[in-house]
Every structure is written in C-alpha cells, then in structure tokens.
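Trainee: One file: data_26.txt (compact mmCIF, C-alpha atoms (C1' of nucleotides)).
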```
# COMPACT_ATOMS: atom_id res chain seq x y z
CA MET L 329 84.86 30.38 -0.53
CA SER L 330 81.53 31.50 0.79
CA GLU L 331 81.28 30.72 4.48
CA ARG L 332 78.44 28.30 4.72
CA ASN L 333 78.04 24.66 5.50
CA THR L 334 81.43 24.28 7.20
CA THR L 335 81.67 26.83 10.00
CA ARG L 336 78.34 27.11 11.77
CA MET L 337 77.21 30.72 11.77
CA ALA L 338 75.37 30.96 15.10
CA GLY L 339 73.67 34.29 15.27
CA VAL L 340 75.58 35.89 12.41
CA PRO L 341 72.53 35.92 10.11
CA GLU L 342 70.39 37.62 12.75
CA LEU L 343 73.08 40.21 13.42
CA VAL L 344 73.82 41.16 9.83
CA VAL L 345 70.15 41.18 8.82
CA LEU L 346 69.26 43.57 11.63
CA ARG L 347 72.25 45.74 10.80
CA LEU L 348 71.34 46.06 7.13
CA VAL L 349 67.70 46.79 7.84
CA ALA L 350 68.79 49.38 10.42
CA GLU L 351 70.33 51.39 7.62
CA ARG L 352 67.21 51.53 5.52
CA GLU L 353 64.01 49.60 4.84
CA MET L 354 64.80 46.47 2.83
CA TYR L 355 63.20 43.32 1.44
CA GLY L 356 64.48 39.77 1.80
CA TYR L 357 65.98 39.12 -1.57
CA ALA L 358 67.86 42.42 -1.50
CA ILE L 359 69.18 41.67 1.98
CA ALA L 360 70.64 38.37 0.77
CA ARG L 361 72.29 40.04 -2.21
CA ARG L 362 73.69 42.85 -0.11
CA ILE L 363 75.23 40.51 2.44
CA LYS L 364 77.14 38.77 -0.33
CA LEU L 365 78.15 42.09 -1.86
CA VAL L 366 79.27 43.95 1.25
CA SER L 367 81.04 40.89 2.66
CA ARG L 368 82.70 40.36 -0.72
CA ASP L 369 81.30 36.83 -0.94
CA ALA L 370 82.70 35.87 2.45
CA LEU L 371 79.18 35.47 3.83
CA THR L 372 76.14 33.91 2.19
CA VAL L 373 72.81 33.81 3.97
CA GLY L 374 70.69 31.26 2.11
CA GLU L 375 66.96 31.69 1.69
CA GLY L 376 66.30 28.76 3.98
CA VAL L 377 67.97 30.80 6.70
CA LEU L 378 66.90 34.29 5.69
CA TYR L 379 63.13 34.01 5.41
CA PRO L 380 62.55 32.03 8.61
CA ALA L 381 64.85 34.51 10.37
CA LEU L 382 62.87 37.50 9.09
CA HIS L 383 59.60 35.94 10.21
CA ALA L 384 61.01 35.13 13.64
CA LEU L 385 62.42 38.63 14.06
CA GLU L 386 59.07 40.11 13.17
CA ALA L 387 57.26 37.75 15.55
CA ARG L 388 59.62 38.90 18.31
CA GLY L 389 58.74 42.53 17.54
CA LEU L 390 62.21 43.45 16.33
CA LEU L 391 61.14 44.04 12.74
CA ARG L 392 58.03 45.46 11.16
CA SER L 393 56.98 44.64 7.59
CA ARG L 394 54.84 46.15 4.86
CA SER L 395 53.98 44.78 1.47
CA ALA L 396 54.58 47.08 -1.47
CA ARG L 397 54.63 46.90 -5.22
CA ALA L 398 57.72 48.29 -6.94
CA ASP L 399 59.32 47.68 -10.35
CA GLY L 400 56.30 45.55 -11.21
CA ARG L 401 57.06 43.23 -8.28
CA THR L 402 55.48 42.63 -4.93
CA ARG L 403 58.00 42.84 -2.14
CA ILE L 404 57.90 42.65 1.62
CA TYR L 405 59.86 45.49 3.11
CA TYR L 406 61.22 45.19 6.63
CA GLN L 407 62.25 47.95 8.97
CA LEU L 408 63.66 48.01 12.47
CA THR L 409 61.39 48.71 15.43
CA PRO L 410 62.77 50.61 18.46
CA ARG L 411 63.05 47.28 20.25
CA GLY L 412 64.90 45.92 17.25
CA ARG L 413 67.33 48.80 17.42
CA ARG L 414 68.08 48.15 21.08
CA HIS L 415 68.46 44.45 20.35
CA LEU L 416 70.89 45.19 17.53
CA ALA L 417 72.99 47.30 19.88
CA ARG L 418 73.16 44.45 22.37
CA LEU L 419 73.98 41.88 19.70
CA THR L 420 76.72 44.06 18.28
CA ALA L 421 78.31 44.58 21.69
CA SER L 422 78.05 40.86 22.36
CA TRP L 423 79.66 39.97 19.04
CA ARG L 424 82.56 42.33 19.64
CA ARG L 425 83.06 41.02 23.16
CA VAL L 426 83.24 37.42 21.98
CA ASN L 427 85.48 38.47 19.17
CA GLN L 428 87.96 40.22 21.39
CA ALA L 429 88.00 37.25 23.73
CA VAL L 430 88.66 34.79 20.91
CA GLU L 431 91.30 37.05 19.43
CA ARG L 432 92.99 37.29 22.82
CA ILE L 433 93.15 33.52 23.01
CA LEU L 434 94.34 33.15 19.42
CA THR L 435 97.22 35.58 19.83
CA ASP L 436 97.92 35.29 23.52
CA ALA L 437 97.07 31.74 24.54
CA GLY L 438 100.38 31.15 26.28
CA ARG L 439 100.40 34.01 28.73
CA GLY L 440 97.20 35.09 30.38
CA MET O 1022 78.51 38.58 31.56
CA SER O 1023 80.02 35.32 30.46
CA GLU O 1024 78.97 34.57 26.91
CA ARG O 1025 76.94 31.42 27.17
CA ASN O 1026 73.37 30.44 26.80
CA THR O 1027 72.26 33.47 24.79
CA THR O 1028 74.48 33.82 21.73
CA ARG O 1029 75.24 30.47 20.18
CA MET O 1030 78.98 30.04 19.94
CA ALA O 1031 79.38 28.43 16.52
CA GLY O 1032 82.66 26.63 16.58
CA VAL O 1033 84.24 28.93 19.14
CA PRO O 1034 84.75 26.11 21.68
CA GLU O 1035 86.49 23.94 19.08
CA LEU O 1036 88.68 26.81 17.96
CA VAL O 1037 89.83 27.96 21.39
CA VAL O 1038 90.34 24.44 22.70
CA LEU O 1039 92.58 23.57 19.77
CA ARG O 1040 94.45 26.83 20.16
CA LEU O 1041 95.17 26.32 23.85
CA VAL O 1042 96.25 22.72 23.39
CA ALA O 1043 98.48 23.83 20.51
CA GLU O 1044 100.52 25.84 22.99
CA ARG O 1045 101.15 22.96 25.34
CA GLU O 1046 99.68 19.64 26.46
CA MET O 1047 96.64 20.28 28.67
CA TYR O 1048 93.81 18.47 30.45
CA GLY O 1049 90.12 19.31 30.26
CA TYR O 1050 89.55 21.03 33.54
CA ALA O 1051 92.60 23.26 33.04
CA ILE O 1052 91.45 24.16 29.53
CA ALA O 1053 88.11 25.36 30.89
CA ARG O 1054 89.79 27.46 33.57
CA ARG O 1055 92.26 28.95 31.12
CA ILE O 1056 89.58 29.98 28.65
CA LYS O 1057 87.83 31.94 31.39
CA LEU O 1058 91.10 33.44 32.54
CA VAL O 1059 92.59 34.47 29.21
CA SER O 1060 89.25 35.74 27.92
CA ARG O 1061 88.77 37.65 31.16
CA ASP O 1062 85.46 35.89 31.80
CA ALA O 1063 84.08 36.86 28.40
CA LEU O 1064 84.00 33.20 27.37
CA THR O 1065 82.95 30.18 29.37
CA VAL O 1066 83.10 26.70 27.91
CA GLY O 1067 80.95 24.50 30.14
CA GLU O 1068 81.80 20.91 30.85
CA GLY O 1069 78.83 19.70 28.83
CA VAL O 1070 80.48 21.32 25.84
CA LEU O 1071 84.13 20.75 26.65
CA TYR O 1072 84.31 17.01 27.29
CA PRO O 1073 82.19 15.91 24.32
CA ALA O 1074 84.24 18.30 22.18
CA LEU O 1075 87.52 16.80 23.37
CA HIS O 1076 86.28 13.28 22.67
CA ALA O 1077 85.05 14.27 19.22
CA LEU O 1078 88.32 16.01 18.37
CA GLU O 1079 90.25 12.93 19.42
CA ALA O 1080 87.95 10.67 17.41
CA ARG O 1081 88.61 12.87 14.38
CA GLY O 1082 92.34 12.47 14.89
CA LEU O 1083 92.94 16.12 15.73
CA LEU O 1084 93.93 15.47 19.34
CA ARG O 1085 95.83 12.68 21.05
CA SER O 1086 95.39 11.90 24.76
CA ARG O 1087 97.32 10.21 27.52
CA SER O 1088 96.31 9.52 31.08
CA ALA O 1089 98.72 10.64 33.77
CA ARG O 1090 98.80 11.00 37.53
CA ALA O 1091 99.92 14.38 38.87
CA ASP O 1092 99.35 16.18 42.16
CA GLY O 1093 97.66 13.06 43.44
CA ARG O 1094 95.09 13.27 40.65
CA THR O 1095 94.46 11.35 37.49
CA ARG O 1096 94.19 13.61 34.50
CA ILE O 1097 93.75 13.13 30.77
CA TYR O 1098 96.22 15.25 28.89
CA TYR O 1099 95.53 16.24 25.30
CA GLN O 1100 97.95 17.35 22.65
CA LEU O 1101 97.57 18.41 19.04
CA THR O 1102 98.33 15.99 16.23
CA PRO O 1103 99.81 17.27 12.95
CA ARG O 1104 96.34 17.01 11.44
CA GLY O 1105 94.99 19.00 14.36
CA ARG O 1106 97.55 21.69 13.73
CA ARG O 1107 96.53 22.01 10.10
CA HIS O 1108 92.87 22.03 11.10
CA LEU O 1109 93.53 24.79 13.62
CA ALA O 1110 95.18 26.89 10.93
CA ARG O 1111 92.15 26.49 8.68
CA LEU O 1112 89.69 27.26 11.51
CA THR O 1113 91.63 30.36 12.48
CA ALA O 1114 91.67 31.66 8.92
CA SER O 1115 87.97 30.91 8.59
CA TRP O 1116 87.14 32.69 11.84
CA ARG O 1117 89.06 35.80 10.78
CA ARG O 1118 87.42 35.79 7.37
CA VAL O 1119 83.91 35.66 8.85
CA ASN O 1120 84.90 38.24 11.36
CA GLN O 1121 86.15 40.70 8.81
CA ALA O 1122 83.01 40.20 6.76
CA VAL O 1123 80.72 40.82 9.73
CA GLU O 1124 82.78 43.83 10.78
CA ARG O 1125 82.53 45.21 7.27
CA ILE O 1126 78.75 44.94 7.43
CA LEU O 1127 78.57 46.38 10.93
CA THR O 1128 80.59 49.45 10.06
CA ASP O 1129 79.92 49.80 6.38
CA ALA O 1130 76.43 48.51 5.77
CA GLY O 1131 75.35 51.55 3.81
CA ARG O 1132 77.93 51.63 1.09
CA GLY O 1133 79.32 48.45 -0.42
C1' DG U 1424 84.74 11.49 61.50
C1' DT U 1425 82.12 14.65 58.96
C1' DA U 1426 81.22 18.36 56.12
C1' DC U 1427 82.58 21.34 52.59
C1' DT U 1428 85.02 22.86 48.59
C1' DA U 1429 87.84 22.35 44.56
C1' DT U 1430 89.37 19.28 41.31
C1' DA U 1431 88.46 16.10 37.47
C1' DC U 1432 86.02 13.31 34.64
C1' DA U 1433 81.60 12.14 32.29
C1' DT U 1434 76.62 11.58 30.16
C1' DT U 1435 71.96 12.76 29.09
C1' DG U 1436 67.99 15.11 27.07
C1' DG U 1437 66.47 19.22 25.11
C1' DT U 1438 66.65 22.65 21.73
C1' DA U 1439 67.93 26.50 18.61
C1' DG U 1440 68.95 27.43 14.36
C1' DA U 1441 71.75 26.80 10.22
C1' DC U 1442 71.37 24.19 6.05
C1' DG U 1443 70.03 21.97 1.64
C1' DA U 1444 66.47 20.89 -1.20
C1' DG U 1445 62.46 21.82 -3.00
C1' DG U 1446 58.25 24.60 -4.32
C1' DT U 1447 55.40 28.68 -6.44
C1' DA U 1448 54.91 32.79 -9.18
C1' DT U 1449 56.09 36.97 -11.82
C1' DC U 1450 58.78 39.93 -14.92
C1' DT U 1451 62.23 40.70 -18.66
C1' DG U 1452 64.66 39.91 -22.65
C1' DA U 1453 66.38 36.93 -26.36
C1' DT H 49 58.51 30.48 -25.65
C1' DC H 50 62.01 29.80 -23.07
C1' DA H 51 65.71 30.97 -19.83
C1' DG H 52 67.09 33.44 -16.17
C1' DA H 53 66.62 36.70 -12.68
C1' DT H 54 63.61 38.20 -9.14
C1' DA H 55 60.88 37.23 -5.00
C1' DC H 56 58.64 34.73 -1.80
C1' DC H 57 58.08 30.37 0.97
C1' DT H 58 58.40 25.59 3.79
C1' DC H 59 60.10 21.20 5.22
C1' DG H 60 63.22 17.76 7.32
C1' DT H 61 67.71 17.09 8.91
C1' DC H 62 71.56 17.59 11.62
C1' DT H 63 74.97 19.89 14.34
C1' DA H 64 76.47 21.25 18.55
C1' DC H 65 75.56 24.23 22.38
C1' DC H 66 73.44 24.03 26.88
C1' DA H 67 71.80 22.95 31.65
C1' DA H 68 71.42 19.50 34.76
C1' DT H 69 73.14 15.77 36.94
C1' DG H 70 76.27 12.11 38.39
C1' DT H 71 80.65 10.01 40.13
C1' DA H 72 84.96 10.13 42.67
C1' DT H 73 89.07 11.91 44.97
C1' DA H 74 91.99 15.34 47.54
C1' DG H 75 92.51 18.86 50.80
C1' DT H 76 90.90 21.74 54.58
C1' DA H 77 88.35 22.94 58.53
C1' DC H 78 85.76 22.07 62.52
```
Here is the file; what I need is its structure written in the form of structure tokens.
Mentor:
Amino acid sequence: MSERNTTRMAGVPELVVLRLVAEREMYGYAIARRIKLVSRDALTVGEGVLYPALHALEARGLLRSRSARADGRTRIYYQLTPRGRRHLARLTASWRRVNQAVERILTDAGRG
Amino acid sequence: MSERNTTRMAGVPELVVLRLVAEREMYGYAIARRIKLVSRDALTVGEGVLYPALHALEARGLLRSRSARADGRTRIYYQLTPRGRRHLARLTASWRRVNQAVERILTDAGRG
DNA sequence: GTACTATACATTGGTAGACGAGGTATCTGA
DNA sequence: TCAGATACCTCGTCTACCAATGTATAGTAC
C-alpha cells in the first residue's frame, strides 16, 4: 500500500527530502530508504523522482552537495543551505495550512 | 495567502469537491465559494480547475448532474453517486495515510 | 439606457512534476 | 561467477493544476 501512482504527490517529495536532509547530511539512496522506513511504507519516493528533485533543489541553491567515498562506495552527500532551511520552514507551514483546511472540510463540510 | 499557484494541490480539489457534494446537492459556483469559506481562505479552487474536475468526475460516474432554474438562474446541480461515495471514502483514507506519513517525517525525521 | 458587479457556466494553452522504465557501475557474499 | 544490494542517472509520458479569457444573465445604481 505504498502511496504512489494513484494519489499524485505534489510537493511531498520536495518537502520530505528537505526535512530529512535538514536533520543531517544524507545521500540519495539513503534518503529513499529512510522515507520508506520512517513513513512505515506509506510513502515511496522512486529514483525517477528523487534524483531529478535533488538536482533541481541544488540548482535552486536549497541544497549543497559533496562527493565522498565511504564503505568502499562513492556517494553524493547533500546538506541544507540557509536558503534551503528557510524554504523548508515555508513549505512546512504551507503543508500544515493546506492540511488543516482540508481536514476542516472533511469533518465540517456542512457547517462553515 | 490562498494556496494556489505555488504548492501543487495533488488531488485536493477532487477530494474537497466530492466531500462537499456528499453533504448535499450543489452547483459549481457554490462549491467554489464554500471551499473558500469553510477553509477560511486557505484553499481556493479556481474555475479552470473546478469545472473540468466536475465534468471528469461525472464522466467517471462519481457524480450525477441535473440542470435546474433557481433564483432566476440556470444552475447545474451535482450529487454523489454510490460509486462516488465509495471513491470519496478511499480518497479520504488515502489522504489521511499520506498525511500521517508526512507528519511522521516532519516531526520524527531523526529517529525511525 | 448604460455601466458595473456578482453570478454561473465554460475552454484553452502552458507547464510542473510525478511516474515507470530503463541504463551504468561497484561491492559483497554464496 | 552470479545474484542481489547499493548507488547513481536519464528519458518520455501523462496527469492535472493554473492563469487567462470568453459568454451570458440578473440585479443595482446613476
């Protein structure tokens, strides 16, 4: 029951990627795994979404990357820039606002 | 600060439209006004989204429409079909599942 | 009788971005 | 040596959100 394909995600990948990277420096493959893990399989961000998203976020100056070798593997670690941190704050607020609005309609559609 | 244009909505219009119509028979223009009202301006579903969505939902057999004259105006009233009601239940569950997953990542990204 | 606003429907063209499918390469363990 | 996990990537498609624009009628004001 991984949410993919059916419900369009619209900004969810960007939000969760920024949030995870905000915690600590991470590389793509680990980000994908962690999203599945923390969301308990409710969310899957495929590689066809993840890597283009990371590149776009870096191009927009919200992420910074460095290549590093670890465990005999070359990885590209991403970290949040100050701009990225501000952007994450805005996205989070926006998500919660939409959420509250939708929830209000779902539970309270009749009276308003 | 109406959520539009920036954050892509991802199925939110479909969900809230179905939910409002589930309560009682409604016409397009009233649906748009009610979404703004109940969401306290947090959500705006523009006409370029609303009308195509209504037509698509009807084509999929989730809504049924009838034309009626009221207050000296011709309106197209929509109501939920049984299929639409089942679909709404699924969409609602799906929305809440995604939501919980995102919230878990937002608040609990570190441990998981 | 004309101008403005709100109501009520609709379409069109553009675009972001999510998605599946596919590709390369390396490391580990059986 | 072969499979499977790790780790990166791109391409083409398709959905559906969006702004802009168009039509028409009803009510109000001047």
Trainee: Produce a table with one row for each residue of chain L that has an atom at most 10 Å from any atom of chain O, each row naming the nearest atom pair and its distance in Å at one decimal; use all atoms listed in the file; arrange rows by chain and rising residue number; format as a tab-separated table.
Mentor:
```
residue	atom	partner	partner_atom	distance
L:Met329	CA	O:Ser1115	CA	9.7
L:Ser330	CA	O:Val1119	CA	9.4
L:Glu331	CA	O:Val1119	CA	7.1
L:Thr334	CA	O:Ser1115	CA	9.4
L:Thr335	CA	O:Gly1032	CA	6.7
L:Arg336	CA	O:Ala1031	CA	5.0
L:Met337	CA	O:Ala1031	CA	5.7
L:Ala338	CA	O:Ala1031	CA	4.9
L:Gly339	CA	O:Arg1029	CA	6.4
L:Val340	CA	O:Val1123	CA	7.6
L:Pro341	CA	O:Val1123	CA	9.6
L:Leu343	CA	O:Val1123	CA	8.5
L:Val344	CA	O:Ile1126	CA	6.7
L:Val345	CA	O:Ile1126	CA	9.5
L:Leu346	CA	O:Leu1127	CA	9.7
L:Arg347	CA	O:Leu1127	CA	6.4
L:Leu348	CA	O:Ala1130	CA	5.8
L:Val349	CA	O:Ala1130	CA	9.1
L:Ala350	CA	O:Ala1130	CA	9.0
L:Glu351	CA	O:Gly1131	CA	6.3
L:Arg352	CA	O:Gly1131	CA	8.3
L:Arg362	CA	O:Gly1133	CA	7.9
L:Ile363	CA	O:Ile1126	CA	7.5
L:Lys364	CA	O:Ala1122	CA	9.3
L:Leu365	CA	O:Gly1133	CA	6.6
L:Val366	CA	O:Gly1133	CA	4.8
L:Ser367	CA	O:Ala1122	CA	4.6
L:Arg368	CA	O:Ala1122	CA	7.5
L:Asp369	CA	O:Ala1122	CA	8.6
L:Ala370	CA	O:Ala1122	CA	6.1
L:Leu371	CA	O:Ala1122	CA	6.8
L:Leu419	CA	O:Thr1028	CA	8.3
L:Thr420	CA	O:Leu1127	CA	7.9
L:Ser422	CA	O:Glu1024	CA	7.8
L:Trp423	CA	O:Thr1028	CA	8.5
L:Arg424	CA	O:Glu1124	CA	9.0
L:Arg425	CA	O:Ala1063	CA	6.8
L:Val426	CA	O:Ala1063	CA	6.5
L:Asn427	CA	O:Asn1120	CA	7.8
L:Gln428	CA	O:Ser1060	CA	8.0
L:Ala429	CA	O:Ser1060	CA	4.6
L:Val430	CA	O:Val1037	CA	6.9
L:Glu431	CA	O:Ser1060	CA	8.8
L:Arg432	CA	O:Ser1060	CA	6.5
L:Ile433	CA	O:Val1059	CA	6.3
L:Leu434	CA	O:Arg1040	CA	6.4
L:Thr435	CA	O:Arg1040	CA	9.2
L:Asp436	CA	O:Val1059	CA	7.8
L:Ala437	CA	O:Leu1041	CA	5.8
L:Gly438	CA	O:Glu1044	CA	6.2
L:Arg439	CA	O:Val1059	CA	7.8
L:Gly440	CA	O:Val1059	CA	4.8
```
Trainee: So that I can check the surroundings of L:Arg413, please list as a VMD selection string every protein, DNA and RNA residue that reaches within 9 Å of it, counting all atoms listed in the file and ignoring chain neighbours fewer than 2 positions away.
Mentor: chain L and resid 346 to 347 350 390 408 to 411 415 to 418
Trainee: Edge lengths and centre in Å to one decimal, as JSON, of the axis-aligned box that encloses all listed atoms of stretch 65-75 of chain H with 8 Å added on every side?
Mentor:
```
{"center_x": 82.0, "center_y": 17.1, "center_z": 36.6, "size_x": 37.1, "size_y": 30.2, "size_z": 44.4}
```
Trainee: If you count all atoms listed in the file, which residues fall within 9 Å of stretch 58-62 of chain H, apart from same-chain ones fewer than 2 positions away, as a list in words?
Mentor: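 Here the answer would be Gly376 of chain L; DC1442, DG1445 and DG1446 of chain U.
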Trainee: Output C-alpha atoms (C1' of nucleotides) of each residue in that selection to a file, as a PDB file, keeping the file's coordinate frame.
Mentor:
```
ATOM      1  CA  GLY L 376      66.300  28.760   3.980  1.00  0.00           C
TER       2      GLY L 376
ATOM      3  C1'  DC U1442      71.370  24.190   6.050  1.00  0.00           C
ATOM      4  C1'  DG U1445      62.460  21.820  -3.000  1.00  0.00           C
ATOM      5  C1'  DG U1446      58.250  24.600  -4.320  1.00  0.00           C
TER       6       DG U1446
END
```
Trainee: When you look at U:DC1427 with a cut-off of 12 Å (counting only C-alpha atoms (C1' of nucleotides)), what residues show up, excluding the ones that are within fewer than 5 positions of it in the same chain? I need them as an mmCIF file with C-alpha atoms (C1' of nucleotides), in the frame of the given file.
Mentor:
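Saved result, selection.cif, follows:
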```cif
data_model
loop_
_atom_site.group_PDB
_atom_site.id
_atom_site.type_symbol
_atom_site.label_atom_id
_atom_site.label_comp_id
_atom_site.auth_asym_id
_atom_site.auth_seq_id
_atom_site.Cartn_x
_atom_site.Cartn_y
_atom_site.Cartn_z
ATOM 1 C "C1'" DG H 75 92.510 18.860 50.800
ATOM 2 C "C1'" DT H 76 90.900 21.740 54.580
ATOM 3 C "C1'" DA H 77 88.350 22.940 58.530
ATOM 4 C "C1'" DC H 78 85.760 22.070 62.520
#
```
Trainee: Select residues of chain U: the criterion is any atom within 8 Å of an atom of chain O, counting only C-alpha atoms (C1' of nucleotides); output as a VMD selection string.
Mentor: chain U and resid 1430 to 1431 1433
Trainee: Please compute the atom CA of O:Gly1105-atom CA of O:Glu1035 distance, one decimal, in Å.
Mentor: 10.9 Å
Trainee: For atom CA of L:Glu353 and atom CA of L:Tyr406, quote the distance in Å rounded to one decimal.
Mentor: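 Spanning atom CA of L:Glu353 to atom CA of L:Tyr406 is a straight-line distance of 5.5 Å.
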Trainee: For each of U:DA1448, U:DC1432, U:DA1439, U:DA1453, take the minimum atom-to-atom distance to L:Ala381, counting only C-alpha atoms (C1' of nucleotides), then give the residue where this is smallest.
Mentor: U:DA1439
Trainee: Kindly give the distance, in Å, that separates atom CA of L:Gly374 and atom C1' of U:DG1437, rounded to a single decimal.
Mentor: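 Between atom CA of L:Gly374 and atom C1' of U:DG1437 the gap is 26.3 Å.
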Trainee: Using all atoms listed in the file, tabulate the residues of chain H lying at most 9 Å from any atom of chain O, each with its closest atom pair and that distance in Å to one decimal, by chain and increasing residue number, as a Markdown table.
Mentor:
```
| residue | atom | partner | partner_atom | distance |
| --- | --- | --- | --- | --- |
| H:DA64 | C1' | O:Ala1031 | CA | 8.0 |
| H:DC65 | C1' | O:Arg1029 | CA | 6.6 |
| H:DC66 | C1' | O:Asn1026 | CA | 6.4 |
| H:DA67 | C1' | O:Gly1069 | CA | 8.2 |
| H:DT73 | C1' | O:Arg1094 | CA | 7.5 |
| H:DA74 | C1' | O:Gly1093 | CA | 7.4 |
```
Trainee: Go ahead and write the residues just picked, C-alpha atoms (C1' of nucleotides), as a compact mmCIF listing (two decimals), in the coordinates of the input.
Mentor:
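For reference, result-v7.txt as written:
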```
# COMPACT_ATOMS: atom_id res chain seq x y z
C1' DA H 64 76.47 21.25 18.55
C1' DC H 65 75.56 24.23 22.38
C1' DC H 66 73.44 24.03 26.88
C1' DA H 67 71.80 22.95 31.65
C1' DT H 73 89.07 11.91 44.97
C1' DA H 74 91.99 15.34 47.54
```
Trainee: Let me make sure I understand: among O:Ala1114, O:His1076, O:Tyr1098, O:Ser1086, which one has the smallest atom-to-atom distance to O:Met1047 if we use all atoms listed in the file?
Mentor: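 Residue with the minimum atom-to-atom distance to O:Met1047: O:Tyr1098.
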Trainee: I'd like to know which of U:DA1426, U:DA1441, U:DT1435, U:DT1449 is closest to H:DG70, using only C-alpha atoms (C1' of nucleotides).
Mentor: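 The closest residue to H:DG70 is U:DT1435.
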